[in-house]
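Undergrad: The structure under discussion is supplied below as structure tokens; questions concerning it will follow.
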Amino acid sequence: MNMKYTITTPLYYVNDKPHLGSSYTTIACDAIARFQRLSGNTVLFLTGVDEHGQKIERTAESKNLQPQLHCDEITEKYKYLWDKLNISYDRFVRTTSPEHKKLVHDFYSKVLASDDVYMGRQSGWYCVGCEEYKDVDSNEEDPMCSIHKKNLEWRDEENLFFRLSKYQKKIEELIHLDGFIAPKSRKNEIINFVSKGLKDFSISRVNLKWGINVPGNDEHTFYVWFDALLGYVSGSLVNQQAPEITDVSLANWPASIHVIGKDILRFHAVYWPAMLLSAGMEPPLSVFGHGFLTREGQKMGKSLGNVLDPIELLEYGGLDAMRWFLLRDIEFGEDGDFQMRRFVDIVNSDLSNTIGNLLNRTITMSKKWFKDSIPVENPSFTKSHLNEISNIKINQYMQSFKHNNFKDAANSIIDLANSANLYLNERAPWKLIKDISNKEIVANDIYSVLESCRLIGVLLYPFVPDLSTRILDQLNIDSSSISFKKSLEWGLLDPLNGLKDAKPVMNKIEYINSSS
Ligand code: MSP
């Protein structure tokens, strides 16, 4: 059944150019979006940038730039990188767009109408990096942010507050729903947080110019998170030019999934649903909080200065290598450490050897022995067990992918490729073919392995669309025509289609010690 599927990346702060952490989330979302499209669903894939707030204002100031100019500059860098990473996003949200501003005002009027806003006083320790007040032990003298490793700043000001406490019960019900928060460890963390009782939170700032004005309270601008979360709605509206909250314009809402890092889970799983409920809108269907990419065991982050530049990694290993490694080696949901040696080993072993060589040697044999083409399978022969294995592996792949378990899904592909390699080695068609009476047996063997390669090519598509396209192209299949419904049955490889010349589909990466 065709379903609507709306997926979002976080809207990234434009305090600096994108790093490997932001690339990681976006690549994961791209894989999900591609998987959903292959599954026959109509996908709306949103990404974008979060441009307001003190953090951005200060960064622009330090560069002696007008905030808008600074935002434009960094936004271009995000768009450039997403193109390089072959991110198939449908819309790019900017929170400085006039349409978004209009939407924020429209939404605010609904929250006001629910009587969920009041004026109060906020005092506490604030992290500008997180744009968040932090709970601090009252004995601490110079408290620091554990994420940004920077001093917190004391604030005491008049703010507008949102009545989060009113939604305690509804949020409790929501977070207990099966599948609303994943993985499980994150769900428990939120259940624990909510059980302590929800406190109202401030949604406006005074003395901050770089933000959206609060109608009726001229000296206030909206708190950056209140503004940014709404970017998901403004980006999903059917009519982008007329940003109104109506049933018709909300046809792509609620989001099917927000994919985010674990540090911003509360905003997405607690504050955001409550804001939506207040405006009479539906909360998202699910929130997935992944782990941090670390380097030398420390979170990689712009403000920590230990980032691995995605462009450099791309130039070094190539796009397929980068995408494959991030999705295949790190358990989605857990933290993962990036090590150059491991990156090179995994990519060379999986993509160049196990998959690339399999395809290359089988195409070479097929063309040599079967008139430059694919042999015809003889149906009266017993089918090779690769048929059965592929069914099992496809099933495992589907189950894993549906739970965003990229690692296991990728392993299913490698298992299938390993089985095909083993099959070739055991059958040794290069020996069998020496006796011409074996030709039909060899034909069936070669067909089975090529058919496994076709399936591998299809299954790889969400992970590494470029490599998948190269594999399918050698088998003379147009990757834009594939779908899970039409392409995963055994025996669809058509000998009449012919084969292209065998070319290595994935070059090996050479390990250079200095890049680690
Ligand atoms: N602007 C907010 C999000 C607003 S969404 C309406 C924000 N931006 S961010 O640029 O700081 O972070 C965006 C995402 O990148 C977060 O999900 C964060 O967890 C993720 N990552 C930042 N550093 C990361 C790693 N080192 N590893 C993996 N992801 C990390 O928060």
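As shown in the structure tokens, the chain order sets the letters A, B, ...; within each chain, residues go from 1, and ligands are also counted from 1 in the order they appear.
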Please identify all polymer residues within 7 Å of range 476-488 of chain A, counting only C-alpha atoms, omitting same-chain residues fewer than 3 positions from it, and present them as a ChimeraX atom specification.
TA: /A:38-39,455,469,472-473,497-500
Undergrad: Once DSSP has gone over the backbone, tell me which residues of range 288-406 of chain A are in strand (DSSP E or B), as a PyMOL selection string.
TA: chain A and resi 288-290+293-295+298-299+332+334+336-337
Undergrad: Return as a ChimeraX atom specification the residues of protein, DNA or RNA that approach ligand 1 to within 9 Å, with only C-alpha atoms and all ligand atoms taken into account.
TA: /A:8-16,18-26,48-51,129-131,224-232,258-265,267-268,289-295,298-302,307,335-336
Undergrad: With only C-alpha atoms as the basis for distance, which of A:Arg34, A:His52, A:Lys187, A:Lys4 is at the shortest distance from Val458 in chain A?
TA: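 Ranked by minimum distance to Val458 in chain A, first place goes to A:Arg34.
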Undergrad: Rank A:Leu198, A:Leu69, A:Ala251, A:Val206 by their smallest atom-to-atom distance to Gln122 in chain A, using only C-alpha atoms, and report the top residue only.
TA: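 Result for the nearest residue to Gln122 in chain A: A:Val206.
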Undergrad: I'd like to know which of A:Leu177, A:Lys209, A:Asn357, A:Leu65 is closest to Asn507 in chain A, using only C-alpha atoms.
TA: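 Using only C-alpha atoms, the shortest distance to Asn507 in chain A belongs to A:Asn357.
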Undergrad: So how many Å separate CA of Gly491 in chain A and CA of Ser419 in chain A, to one decimal?
TA: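 Distance reported for this atom pair: 17.2 Å.
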Undergrad: Considering only C-alpha atoms, return as a list in words whatever protein or nucleic-acid residues lie within 12 Å of Asn395 in chain A, sequence-local ones (same chain, fewer than 3 positions apart) excluded.
TA: Glu388, Ile389, Ser390, Asn391, Ile392, Met398, Gln399, Ser400, Phe401, Lys402, Asp408, Ala409, Ser412, Ile413, Leu416, Leu459, Phe484, Leu488 and Glu489 of chain A
